$ cat coords-v2.txt   # compact mmCIF, C-alpha atoms
# COMPACT_ATOMS: atom_id res chain seq x y z
CA MET A 1 -17.85 -14.60 60.04
CA PRO A 2 -16.71 -14.41 56.42
CA LEU A 3 -13.73 -16.33 55.12
CA TYR A 4 -11.27 -14.36 53.00
CA VAL A 5 -9.21 -16.19 50.40
CA GLY A 6 -6.40 -14.32 48.64
CA THR A 7 -5.21 -15.98 45.44
CA ARG A 8 -2.94 -15.55 42.46
CA LYS A 9 -5.95 -14.25 40.53
CA GLY A 10 -8.02 -12.29 42.99
CA LEU A 11 -9.79 -12.21 46.35
CA PHE A 12 -12.76 -14.42 47.21
CA ILE A 13 -15.03 -13.64 50.15
CA ILE A 14 -16.97 -16.66 51.32
CA ASP A 15 -19.97 -15.88 53.44
CA GLU A 16 -21.15 -17.48 56.66
CA GLY A 17 -23.04 -20.25 54.91
CA ARG A 18 -19.81 -21.49 53.29
CA ARG A 19 -21.66 -22.77 50.25
CA ALA A 20 -21.01 -20.28 47.48
CA ILE A 21 -17.55 -19.10 46.51
CA GLY A 22 -19.03 -15.88 45.14
CA ARG A 23 -17.68 -13.42 42.61
CA PRO A 24 -13.99 -12.59 42.72
CA HIS A 25 -12.65 -9.19 43.69
CA PHE A 26 -9.61 -7.93 41.74
CA LEU A 27 -9.98 -10.73 39.20
CA GLY A 28 -6.65 -11.39 37.56
CA ASP A 29 -4.54 -9.64 40.20
CA PRO A 30 -2.37 -11.42 42.78
CA VAL A 31 -3.66 -10.81 46.32
CA SER A 32 -0.76 -11.30 48.73
CA ALA A 33 -2.45 -10.39 52.03
CA VAL A 34 -5.90 -9.59 53.38
CA LEU A 35 -7.11 -8.19 56.71
CA ALA A 36 -10.56 -7.51 58.14
CA GLN A 37 -10.12 -4.80 60.75
CA GLY A 38 -12.97 -2.93 62.36
CA ALA A 39 -15.56 -2.22 59.69
CA SER A 40 -12.99 -2.37 56.88
CA ILE A 41 -11.33 -4.97 54.70
CA TYR A 42 -7.82 -4.41 53.40
CA ALA A 43 -6.47 -6.23 50.35
CA ALA A 44 -2.82 -6.05 49.28
CA LEU A 45 -2.20 -6.56 45.58
CA ASN A 46 1.08 -7.36 43.91
CA LEU A 47 0.57 -6.26 40.33
CA GLY A 48 3.00 -7.85 37.93
CA HIS A 49 3.92 -4.64 36.12
CA PHE A 50 2.71 -1.74 38.19
CA GLY A 51 3.86 -2.49 41.71
CA VAL A 52 2.31 -3.19 45.09
CA LYS A 53 -1.08 -1.60 45.81
CA LEU A 54 -3.37 -1.55 48.84
CA HIS A 55 -7.14 -1.30 48.64
CA ARG A 56 -9.72 -0.81 51.39
CA SER A 57 -13.41 -1.56 51.45
CA ASP A 58 -15.71 0.00 54.02
CA ASN A 59 -18.80 -1.86 52.81
CA ARG A 60 -17.80 -5.50 53.10
CA GLY A 61 -16.40 -5.69 49.60
CA ASP A 62 -19.17 -3.97 47.64
CA SER A 63 -16.67 -1.34 46.53
CA TRP A 64 -12.96 -0.70 47.01
CA THR A 65 -10.81 2.42 47.31
CA GLU A 66 -7.10 2.46 46.65
CA VAL A 67 -5.23 3.77 49.69
CA ALA A 68 -1.50 4.35 50.10
CA ALA A 69 0.81 1.39 49.86
CA PRO A 70 3.78 1.37 52.22
CA ALA A 71 6.77 3.06 50.57
CA TYR A 72 10.42 2.92 51.55
CA PRO A 73 12.14 6.28 52.09
CA PRO A 74 14.93 7.38 49.75
CA LYS A 75 17.95 5.14 50.12
CA PRO A 76 20.97 7.17 51.26
CA ALA A 77 23.41 7.70 48.42
CA SER A 78 26.33 6.97 50.74
CA PRO A 79 25.46 4.54 53.53
CA PRO A 80 26.86 5.07 57.02
CA GLU A 81 30.46 3.95 57.39
CA GLY A 82 30.89 0.27 58.01
CA THR A 83 27.59 -0.65 56.41
CA ASP A 84 26.95 -1.96 52.95
CA ASP A 85 23.24 -2.31 52.41
CA LYS A 86 22.78 -4.31 49.23
CA VAL A 87 19.01 -4.42 49.60
CA PRO A 88 17.08 -2.05 47.30
CA TRP A 89 14.77 0.14 49.37
CA LYS A 90 11.81 -0.80 47.22
CA LEU A 91 8.60 -2.51 48.25
CA VAL A 92 8.44 -5.96 46.68
CA GLN A 93 5.43 -7.38 48.47
CA ILE A 94 3.09 -6.86 51.41
CA TRP A 95 3.47 -10.28 52.97
CA THR A 96 1.20 -9.84 55.95
CA LEU A 97 -1.28 -7.31 57.34
CA GLU A 98 -2.26 -7.19 61.00
CA GLY A 99 -4.32 -4.75 63.01
CA ALA A 100 -5.38 -3.87 66.54
CA GLY A 101 -7.51 -0.87 67.43
CA GLN A 102 -6.41 2.04 65.27
CA ASP A 103 -3.07 0.47 64.41
CA LEU A 104 -2.30 -1.33 61.17
CA TRP A 105 0.97 -3.14 60.60
CA ALA A 106 2.35 -4.36 57.28
CA GLY A 107 5.17 -6.88 57.12
CA THR A 108 6.94 -6.61 53.80
CA ILE A 109 9.63 -7.89 51.50
CA PRO A 110 12.47 -6.66 51.58
CA GLY A 111 12.25 -6.75 55.38
CA GLY A 112 10.59 -3.52 56.45
CA LEU A 113 7.79 -3.25 58.99
CA PHE A 114 5.33 -0.42 58.34
CA HIS A 115 2.76 1.20 60.63
CA SER A 116 -0.40 3.15 59.86
CA ASN A 117 -2.79 4.76 62.31
CA ASP A 118 -5.08 6.34 59.71
CA ARG A 119 -6.57 3.26 58.06
CA GLY A 120 -3.92 3.04 55.38
CA THR A 121 -4.00 6.66 54.27
CA SER A 122 -0.32 6.92 55.18
CA TRP A 123 2.40 4.52 56.31
CA THR A 124 5.64 4.92 58.24
CA LEU A 125 8.61 2.60 58.02
CA VAL A 126 9.61 1.41 61.50
CA ARG A 127 13.16 2.74 61.43
CA SER A 128 14.01 1.36 64.88
CA LEU A 129 13.99 -2.09 63.25
CA TRP A 130 15.04 -1.23 59.70
CA ASP A 131 18.15 0.63 60.92
CA ARG A 132 19.43 -2.22 63.10
CA LYS A 133 22.86 -3.31 61.91
CA GLU A 134 21.79 -6.94 62.30
CA ARG A 135 19.57 -6.52 59.23
CA ALA A 136 22.70 -6.96 57.09
CA GLU A 137 22.70 -10.67 58.07
CA TRP A 138 19.15 -11.32 56.88
CA PHE A 139 18.64 -13.03 53.55
CA GLY A 140 15.81 -14.14 51.33
CA GLY A 141 13.80 -17.29 51.92
CA GLY A 142 11.79 -18.15 48.84
CA TYR A 143 12.27 -14.62 47.53
CA ASP A 144 15.33 -12.64 46.51
CA GLN A 145 15.14 -10.45 49.60
CA PRO A 146 14.21 -11.12 53.23
CA GLY A 147 10.65 -10.52 54.35
CA ILE A 148 8.46 -10.15 57.43
CA HIS A 149 5.64 -12.67 57.15
CA SER A 150 4.37 -12.83 60.74
CA VAL A 151 3.33 -9.95 63.01
CA CYS A 152 1.89 -11.00 66.38
CA LEU A 153 0.21 -8.21 68.37
CA ASN A 154 -0.32 -8.29 72.13
CA GLY A 155 -0.87 -4.83 73.55
CA LYS A 156 2.41 -2.93 73.36
CA GLN A 157 4.25 -6.15 72.58
CA ILE A 158 4.94 -6.82 68.90
CA THR A 159 6.62 -10.05 67.83
CA ILE A 160 7.63 -10.57 64.22
CA ALA A 161 9.24 -13.37 62.25
CA ILE A 162 11.39 -13.01 59.16
CA SER A 163 12.48 -15.36 56.38
CA CYS A 164 15.38 -15.38 56.96
CA GLY A 165 15.99 -13.10 59.91
CA GLY A 166 14.69 -14.95 62.94
CA THR A 167 12.24 -13.65 65.53
CA TRP A 168 12.29 -10.06 66.78
CA GLN A 169 10.27 -8.47 69.53
CA SER A 170 9.33 -5.01 70.74
CA ALA A 171 7.92 -4.40 74.22
CA ASP A 172 7.14 -0.74 73.58
CA GLY A 173 4.93 -0.63 70.52
CA GLY A 174 7.80 -0.69 68.05
CA ALA A 175 10.03 1.99 69.57
CA SER A 176 12.83 -0.50 70.24
CA TRP A 177 13.53 -4.12 69.28
CA GLN A 178 15.30 -7.14 70.67
CA LEU A 179 16.35 -10.29 68.86
CA ALA A 180 14.35 -13.19 70.32
CA GLY A 181 13.93 -16.82 69.28
CA LYS A 182 16.88 -18.55 70.91
CA GLY A 183 16.82 -22.31 70.55
CA MET A 184 15.98 -22.51 66.86
CA TYR A 185 18.66 -23.96 64.61
CA ALA A 186 19.39 -23.99 60.89
CA GLU A 187 20.69 -27.32 59.59
CA PHE A 188 21.45 -25.78 56.21
CA MET A 189 23.94 -23.22 57.53
CA PRO A 190 27.64 -23.57 58.40
CA PRO A 191 28.24 -24.71 61.99
CA GLU A 192 29.20 -21.22 63.15
CA GLN A 193 25.83 -19.85 62.02
CA ARG A 194 23.61 -22.82 62.89
CA ASP A 195 22.34 -21.42 66.17
CA ASN A 196 22.44 -17.71 65.31
CA PRO A 197 18.90 -16.48 66.10
CA ASN A 198 19.25 -13.69 63.53
CA ILE A 199 19.44 -15.95 60.46
CA GLN A 200 16.72 -18.47 61.31
CA ASP A 201 14.21 -19.32 58.59
CA VAL A 202 10.99 -19.17 60.54
CA HIS A 203 8.28 -20.01 58.02
CA ARG A 204 5.40 -18.82 60.19
CA LEU A 205 4.92 -17.70 63.80
CA ALA A 206 1.63 -17.83 65.72
CA GLN A 207 0.81 -16.54 69.21
CA CYS A 208 -1.92 -17.90 71.47
CA ALA A 209 -4.46 -15.10 71.91
CA SER A 210 -5.44 -16.00 75.46
CA GLN A 211 -2.00 -17.08 76.70
CA PRO A 212 0.36 -14.80 74.80
CA ASP A 213 3.49 -16.25 76.36
CA VAL A 214 2.98 -19.28 74.12
CA PHE A 215 4.19 -19.13 70.53
CA TRP A 216 4.26 -21.87 67.92
CA ALA A 217 6.62 -21.74 64.96
CA GLN A 218 6.81 -23.73 61.77
CA HIS A 219 10.47 -23.38 60.87
CA HIS A 220 12.37 -24.67 57.86
CA ASN A 221 13.93 -27.28 60.11
CA GLY A 222 10.88 -28.26 62.09
CA VAL A 223 8.32 -27.22 64.66
CA PHE A 224 9.27 -25.12 67.69
CA ARG A 225 7.33 -23.84 70.68
CA SER A 226 8.02 -21.10 73.20
CA VAL A 227 6.33 -20.79 76.60
CA ASP A 228 8.24 -17.70 77.71
CA GLY A 229 7.06 -15.07 75.27
CA ALA A 230 9.32 -16.05 72.34
CA ALA A 231 12.59 -15.58 74.22
CA ARG A 232 13.49 -19.26 73.93
CA PHE A 233 12.06 -22.00 71.74
CA ALA A 234 12.22 -25.77 72.12
CA GLU A 235 11.98 -28.18 69.21
CA ILE A 236 8.85 -30.35 68.97
CA ASN A 237 9.90 -33.72 67.59
CA ALA A 238 6.62 -35.62 67.69
CA ILE A 239 5.15 -33.89 64.61
CA ALA A 240 4.07 -36.38 61.90
CA PRO A 241 4.25 -37.31 59.07
CA SER A 242 7.09 -34.80 58.57
CA LYS A 243 8.52 -31.80 60.32
CA PHE A 244 8.70 -29.57 57.24
CA GLY A 245 5.91 -27.20 56.28
CA PHE A 246 4.96 -23.56 56.11
CA ALA A 247 1.74 -22.90 58.01
CA VAL A 248 0.78 -23.06 61.68
CA ALA A 249 -2.38 -22.12 63.56
CA VAL A 250 -2.79 -22.09 67.33
CA HIS A 251 -6.06 -22.45 69.21
CA PRO A 252 -7.01 -18.99 70.52
CA LYS A 253 -8.00 -20.32 73.96
CA ASN A 254 -5.89 -23.43 74.40
CA PRO A 255 -2.15 -22.89 73.95
CA ASP A 256 -1.49 -26.64 73.85
CA THR A 257 -3.54 -27.07 70.67
CA ALA A 258 -1.99 -26.25 67.31
CA TRP A 259 -2.31 -27.35 63.69
CA PHE A 260 0.23 -27.83 60.89
CA VAL A 261 0.17 -29.02 57.28
CA PRO A 262 3.34 -31.11 56.85
CA ALA A 263 5.13 -31.58 53.54
CA VAL A 264 8.25 -33.24 52.16
CA LYS A 265 11.36 -31.13 52.73
CA ASP A 266 13.24 -29.20 51.32
CA GLU A 267 12.65 -28.22 47.72
CA CYS A 268 10.19 -31.03 46.99
CA ARG A 269 7.30 -29.52 48.96
CA VAL A 270 4.45 -31.93 48.33
CA PRO A 271 2.40 -33.97 50.82
CA VAL A 272 4.17 -37.00 52.28
CA ASP A 273 3.29 -40.06 50.14
CA ALA A 274 0.99 -37.72 48.16
CA LYS A 275 -1.56 -37.87 51.01
CA LEU A 276 -2.74 -34.47 52.17
CA VAL A 277 -3.08 -34.35 55.97
CA VAL A 278 -3.26 -31.90 58.85
CA ALA A 279 -1.26 -32.59 62.00
CA ARG A 280 -2.82 -31.53 65.31
CA THR A 281 -1.45 -31.56 68.82
CA ARG A 282 -3.59 -31.05 71.92
CA ASP A 283 -0.89 -31.63 74.50
CA GLY A 284 1.66 -28.97 73.72
CA GLY A 285 3.48 -31.05 71.14
CA LYS A 286 4.00 -34.28 73.11
CA SER A 287 1.85 -36.11 70.54
CA PHE A 288 0.13 -35.40 67.24
CA ALA A 289 -2.95 -36.74 65.52
CA VAL A 290 -2.72 -37.02 61.73
CA LEU A 291 -6.08 -35.83 60.42
CA ARG A 292 -7.12 -37.02 56.97
CA LYS A 293 -10.92 -37.41 56.95
CA GLY A 294 -12.18 -35.58 53.86
CA LEU A 295 -8.68 -34.85 52.54
CA PRO A 296 -7.44 -36.33 49.26
CA GLU A 297 -4.80 -38.86 48.29
CA ASN A 298 -2.80 -38.62 45.07
CA ALA A 299 -2.58 -34.97 45.98
CA TYR A 300 0.27 -32.53 45.43
CA ASP A 301 -1.16 -29.55 47.24
CA LEU A 302 1.19 -27.28 49.15
CA VAL A 303 -0.12 -24.90 51.80
CA TYR A 304 1.76 -21.61 52.06
CA ARG A 305 2.57 -19.63 55.20
CA HIS A 306 -0.73 -17.81 55.34
CA GLY A 307 -2.82 -20.61 53.87
CA LEU A 308 -4.16 -21.99 57.18
CA ASP A 309 -6.32 -20.22 59.75
CA VAL A 310 -8.43 -20.95 62.82
CA ASP A 311 -11.39 -18.79 63.80
CA ALA A 312 -11.94 -17.00 67.10
CA SER A 313 -13.90 -19.94 68.54
CA GLY A 314 -11.09 -22.40 67.94
CA GLU A 315 -13.55 -24.85 66.39
CA ARG A 316 -13.42 -23.86 62.75
CA LEU A 317 -10.39 -24.08 60.50
CA ALA A 318 -9.77 -23.48 56.83
CA PHE A 319 -6.82 -24.01 54.56
CA GLY A 320 -6.08 -23.46 50.89
CA SER A 321 -3.41 -24.82 48.60
CA THR A 322 -1.16 -23.84 45.75
CA THR A 323 -3.27 -26.00 43.46
CA GLY A 324 -6.36 -23.98 44.24
CA SER A 325 -8.19 -26.27 46.62
CA LEU A 326 -9.92 -24.98 49.73
CA TRP A 327 -11.06 -27.01 52.76
CA LEU A 328 -13.08 -26.18 55.84
CA SER A 329 -13.42 -27.99 59.16
CA GLU A 330 -16.06 -27.29 61.79
CA ASP A 331 -14.68 -29.77 64.34
CA GLN A 332 -11.08 -28.69 64.99
CA GLY A 333 -9.82 -30.66 62.01
CA ASP A 334 -11.37 -34.05 62.74
CA SER A 335 -13.13 -33.85 59.36
CA TRP A 336 -12.80 -31.60 56.33
CA ARG A 337 -15.16 -30.43 53.60
CA CYS A 338 -13.80 -29.28 50.25
CA LEU A 339 -15.24 -25.90 49.25
CA SER A 340 -13.52 -25.78 45.86
CA GLN A 341 -10.89 -27.63 43.88
CA HIS A 342 -10.75 -25.03 41.16
CA LEU A 343 -9.62 -21.74 42.63
CA PRO A 344 -6.43 -20.00 41.50
CA PRO A 345 -3.32 -20.80 43.57
CA ILE A 346 -4.12 -19.72 47.13
CA HIS A 347 -1.78 -17.35 48.97
CA CYS A 348 -3.73 -16.67 52.14
CA VAL A 349 -6.85 -17.83 53.97
CA ARG A 350 -8.27 -15.82 56.81
CA PHE A 351 -11.41 -15.68 58.95
CA GLY A 352 -12.82 -12.18 59.35
CA MET B 1 4.57 19.47 23.06
CA PRO B 2 5.46 15.82 23.66
CA ARG B 3 2.47 13.53 23.93
CA VAL B 4 2.42 10.89 26.71
CA VAL B 5 0.36 7.79 25.97
CA PHE B 6 -0.33 5.02 28.49
CA THR B 7 -0.89 1.35 27.79
CA SER B 8 -4.51 0.34 27.91
CA HIS B 9 -3.52 -2.33 30.48
CA LEU B 10 -2.86 0.44 32.98
CA GLN B 11 -6.39 1.77 32.61
CA ARG B 12 -7.74 -1.34 34.30
CA HIS B 13 -6.04 -0.25 37.53
CA VAL B 14 -5.95 3.53 37.49
CA ARG B 15 -7.20 6.43 35.42
CA ALA B 16 -4.29 7.59 33.23
CA THR B 17 -5.17 10.07 30.54
CA GLU B 18 -3.20 10.70 27.36
CA SER B 19 -1.65 14.16 27.72
CA ASP B 20 0.31 16.81 25.83
CA VAL B 21 2.86 18.18 28.26
CA SER B 22 6.00 20.29 28.29
CA GLY B 23 9.40 18.81 29.09
CA GLY B 24 12.74 18.18 27.44
CA THR B 25 13.31 14.69 28.82
CA VAL B 26 11.18 11.64 29.48
CA ALA B 27 11.44 12.34 33.22
CA ALA B 28 10.34 15.95 32.84
CA ALA B 29 7.40 15.00 30.65
CA LEU B 30 6.31 12.30 33.10
CA GLU B 31 6.64 14.73 36.02
CA ALA B 32 4.27 17.06 34.21
CA VAL B 33 1.79 14.21 33.83
CA PHE B 34 2.11 13.26 37.51
CA ARG B 35 1.46 16.85 38.60
CA ALA B 36 -1.88 16.72 36.83
CA GLN B 37 -2.58 13.04 37.56
CA PRO B 38 -0.83 12.18 40.84
CA GLN B 39 -2.54 8.80 41.05
CA VAL B 40 -0.43 7.54 38.12
CA ARG B 41 3.03 8.08 39.62
CA GLY B 42 3.22 4.94 41.73
CA TYR B 43 2.18 2.77 38.81
CA VAL B 44 5.05 3.96 36.60
CA LEU B 45 7.84 4.80 39.06
CA ASP B 46 8.89 3.06 42.26
CA GLU B 47 9.47 4.86 45.56
CA GLN B 48 13.10 5.59 44.66
CA GLY B 49 11.91 7.49 41.59
CA GLU B 50 13.12 4.84 39.16
CA LEU B 51 11.14 3.33 36.34
CA ARG B 52 9.38 0.19 37.57
CA LYS B 53 11.20 -2.99 36.63
CA HIS B 54 8.44 -4.21 34.35
CA VAL B 55 7.45 -0.90 32.75
CA PHE B 56 8.95 0.10 29.40
CA ILE B 57 9.13 3.54 27.83
CA PHE B 58 9.28 4.11 24.09
CA VAL B 59 10.02 7.51 22.54
CA ASP B 60 9.02 7.68 18.89
CA GLY B 61 9.15 3.90 18.73
CA ARG B 62 12.54 3.39 20.44
CA ARG B 63 13.17 2.06 23.97
CA ALA B 64 14.10 4.97 26.20
CA GLY B 65 15.03 5.78 29.78
CA LEU B 66 13.98 8.57 32.09
CA GLY B 67 16.99 10.69 31.16
CA ASP B 68 16.52 10.52 27.41
CA ALA B 69 15.67 13.68 25.48
CA VAL B 70 12.31 14.20 23.83
CA ARG B 71 11.38 16.62 21.07
CA GLY B 72 8.37 18.83 20.89
CA GLU B 73 6.51 16.46 18.64
CA SER B 74 7.66 13.23 20.33
CA ALA B 75 5.27 10.49 21.31
CA ILE B 76 6.15 8.89 24.67
CA HIS B 77 4.52 5.50 25.13
CA VAL B 78 4.38 4.00 28.64
CA MET B 79 3.96 0.25 28.19
CA GLN B 80 4.02 -2.88 30.32
CA ALA B 81 6.89 -5.29 29.73
CA LEU B 82 6.04 -8.90 29.04
CA THR B 83 8.50 -9.88 31.78
CA GLY B 84 6.09 -8.84 34.51
CA GLY B 85 3.09 -10.80 33.31

$ encode --input "coords-v2.txt" --output "structure tokens"
Amino acid sequence: MPLYVGTRKGLFIIDEGRRAIGRPHFLGDPVSAVLAQGASIYAALNLGHFGVKLHRSDNRGDSWTEVAAPAYPPKPASPPEGTDDKVPWKLVQIWTLEGAGQDLWAGTIPGGLFHSNDRGTSWTLVRSLWDRKERAEWFGGGYDQPGIHSVCLNGKQITIAISCGGTWQSADGGASWQLAGKGMYAEFMPPEQRDNPNIQDVHRLAQCASQPDVFWAQHHNGVFRSVDGAARFAEINAIAPSKFGFAVAVHPKNPDTAWFVPAVKDECRVPVDAKLVVARTRDGGKSFAVLRKGLPENAYDLVYRHGLDVDASGERLAFGSTTGSLWLSEDQGDSWRCLSQHLPPIHCVRFG
Amino acid sequence: MPRVVFTSHLQRHVRATESDVSGGTVAAALEAVFRAQPQVRGYVLDEQGELRKHVFIFVDGRRAGLGDAVRGESAIHVMQALTGG
């Protein structure tokens, strides 16, 4: 299956042979999210001057058509009494795209979840989430406004994670929402807010495809795992060489196996001791192997939230860094092959 | 009629044709353009109908806003701001 790499300067589609990077799509334009769904590929652009755009290809990238980007409805001139929504109702970025069947979901900054059932021709803001009063507590993590970066789909169940707004879940296809994610904590908040699930800075949330009660989270304060469908999370302390990072991938068939790319906290955000490694657990977080074969030293690569992915077999992984390097593993991370050291800064890496 | 001219940088993303349109304000002139070229709207205005943060308008060489008046012979230039680059 192809590997899609969204970068600061365009989209690269790397074919099955994994040898040639190929010509860029949207050269010069930031690609914030990419999704292969059915026979189509969707690419979200964040143009510096002209706003957020969404393009679809129905011929594997030979040509692209601009479709509708999600758009926030008019912001009420006078908000309901007791509310004071300081967030502009303007799309800043499509942070993640997910799809299942006919349904497409876009997680965005400033915190809105959008749904399309017509292949991106039109989008609807999920008001049942957007109108929750708890949204007033959310705040930006890395951006000025809060954003939905993770959307996990499991039938009618939808689980999302927000920087910084914790983990939310719908059991009815998005009609209603409950705050989930108890057990996470925020060291950087006042004591009264430390354990509030609604302000947690989850960096990335991943659900095991075959055992959907198991979620893994890379959080600002560490690694957490849930075995009860995201209701409650427990901290995983064995992660090495550090507990800070952005990305997580979980094996699609084995919920005890997950991968992380640790970095130095908080603002520093470079590999520990300048040695780029991947941390892997195969026992549900009791222990971790630090994988470094094929990965560089004297390296200052950072891997963003969407910069790590595992394929449907669970054997093949890829990750890309802010310094434009891209690695591939065919053996669950035991060894890595560098596909390029010269790409633009990489936002997202995804198997088709 | 005011003439609306788009930066060549926009042409890389979307077809936006220079147009002579009617309208007494920048907003009215742009609305006339968007009626004929609906694909351009989202590149110039955001979903709240405001000028995008990194788009500048000049009327006869002066920075202008959507509410500013234009004359029959005015030239309205829609440009990208260097801040968004």

$ atom_distance --input "coords-v2.txt" --atom1 "CA of Val227 (chain A)" --atom2 "CA of Gly155 (chain A)"
17.8 Å

$ atom_distance --input "coords-v2.txt" --atom1 "CA of Ile346 (chain A)" --atom2 "CA of Thr83 (chain B)"
22.2 Å

$ residues_around --input "coords-v2.txt" --residues "Leu97 (chain A)" --least-positions-apart "5" --cutoff "8 Å" --atoms "only C-alpha atoms" --output "ChimeraX atom specification"
/A:33-35,104-107,151

$ closest_residue --input "coords-v2.txt" --among "B:Val44, B:Leu51, B:Ala28, B:Met79" --to "Pro2 (chain B)" --atoms "all atoms listed in the file"
B:Ala28

$ closest_residue --input "coords-v2.txt" --among "B:His77, B:Gln48, B:Leu82, B:Met1" --to "Arg62 (chain B)" --atoms "all atoms listed in the file"
B:His77

$ build_atoms --input "coords-v2.txt" --residues "region 1-19 of chain B" --atoms "N, CA and C atoms" --output "mmCIF file, keeping the file's coordinate frame"
data_model
loop_
_atom_site.group_PDB
_atom_site.id
_atom_site.type_symbol
_atom_site.label_atom_id
_atom_site.label_comp_id
_atom_site.auth_asym_id
_atom_site.auth_seq_id
_atom_site.Cartn_x
_atom_site.Cartn_y
_atom_site.Cartn_z
ATOM 1 N N MET B 1 4.411 20.076 21.724
ATOM 2 C CA MET B 1 4.570 19.470 23.060
ATOM 3 C C MET B 1 4.594 17.949 22.938
ATOM 4 N N PRO B 2 5.470 17.291 23.695
ATOM 5 C CA PRO B 2 5.460 15.820 23.660
ATOM 6 C C PRO B 2 4.099 15.284 24.136
ATOM 7 N N ARG B 3 3.716 14.186 23.531
ATOM 8 C CA ARG B 3 2.470 13.530 23.930
ATOM 9 C C ARG B 3 2.810 12.257 24.707
ATOM 10 N N VAL B 4 2.189 12.086 25.883
ATOM 11 C CA VAL B 4 2.420 10.890 26.710
ATOM 12 C C VAL B 4 1.192 9.995 26.602
ATOM 13 N N VAL B 5 1.439 8.750 26.200
ATOM 14 C CA VAL B 5 0.360 7.790 25.970
ATOM 15 C C VAL B 5 0.591 6.592 26.890
ATOM 16 N N PHE B 6 -0.459 6.148 27.558
ATOM 17 C CA PHE B 6 -0.330 5.020 28.490
ATOM 18 C C PHE B 6 -0.961 3.765 27.908
ATOM 19 N N THR B 7 -0.334 2.635 28.207
ATOM 20 C CA THR B 7 -0.890 1.350 27.790
ATOM 21 C C THR B 7 -2.321 1.178 28.295
ATOM 22 N N SER B 8 -3.125 0.556 27.494
ATOM 23 C CA SER B 8 -4.510 0.340 27.910
ATOM 24 C C SER B 8 -4.584 -0.595 29.125
ATOM 25 N N HIS B 9 -3.527 -1.413 29.323
ATOM 26 C CA HIS B 9 -3.520 -2.330 30.480
ATOM 27 C C HIS B 9 -3.512 -1.549 31.798
ATOM 28 N N LEU B 10 -2.902 -0.371 31.764
ATOM 29 C CA LEU B 10 -2.860 0.440 32.980
ATOM 30 C C LEU B 10 -4.248 0.951 33.357
ATOM 31 N N GLN B 11 -5.073 1.161 32.363
ATOM 32 C CA GLN B 11 -6.390 1.770 32.610
ATOM 33 C C GLN B 11 -7.278 0.876 33.483
ATOM 34 N N ARG B 12 -6.961 -0.409 33.474
ATOM 35 C CA ARG B 12 -7.740 -1.340 34.300
ATOM 36 C C ARG B 12 -7.536 -1.046 35.792
ATOM 37 N N HIS B 13 -6.383 -0.470 36.121
ATOM 38 C CA HIS B 13 -6.040 -0.250 37.530
ATOM 39 C C HIS B 13 -6.226 1.188 37.972
ATOM 40 N N VAL B 14 -5.971 2.120 37.085
ATOM 41 C CA VAL B 14 -5.950 3.530 37.490
ATOM 42 C C VAL B 14 -6.260 4.387 36.272
ATOM 43 N N ARG B 15 -6.895 5.524 36.523
ATOM 44 C CA ARG B 15 -7.200 6.430 35.420
ATOM 45 C C ARG B 15 -5.924 7.157 34.999
ATOM 46 N N ALA B 16 -5.506 6.967 33.761
ATOM 47 C CA ALA B 16 -4.290 7.590 33.230
ATOM 48 C C ALA B 16 -4.633 8.130 31.848
ATOM 49 N N THR B 17 -4.678 9.440 31.756
ATOM 50 C CA THR B 17 -5.170 10.070 30.540
ATOM 51 C C THR B 17 -4.023 10.511 29.647
ATOM 52 N N GLU B 18 -4.171 10.236 28.361
ATOM 53 C CA GLU B 18 -3.200 10.700 27.360
ATOM 54 C C GLU B 18 -3.085 12.222 27.458
ATOM 55 N N SER B 19 -1.831 12.728 27.452
ATOM 56 C CA SER B 19 -1.650 14.160 27.720
ATOM 57 C C SER B 19 -0.577 14.748 26.818
#
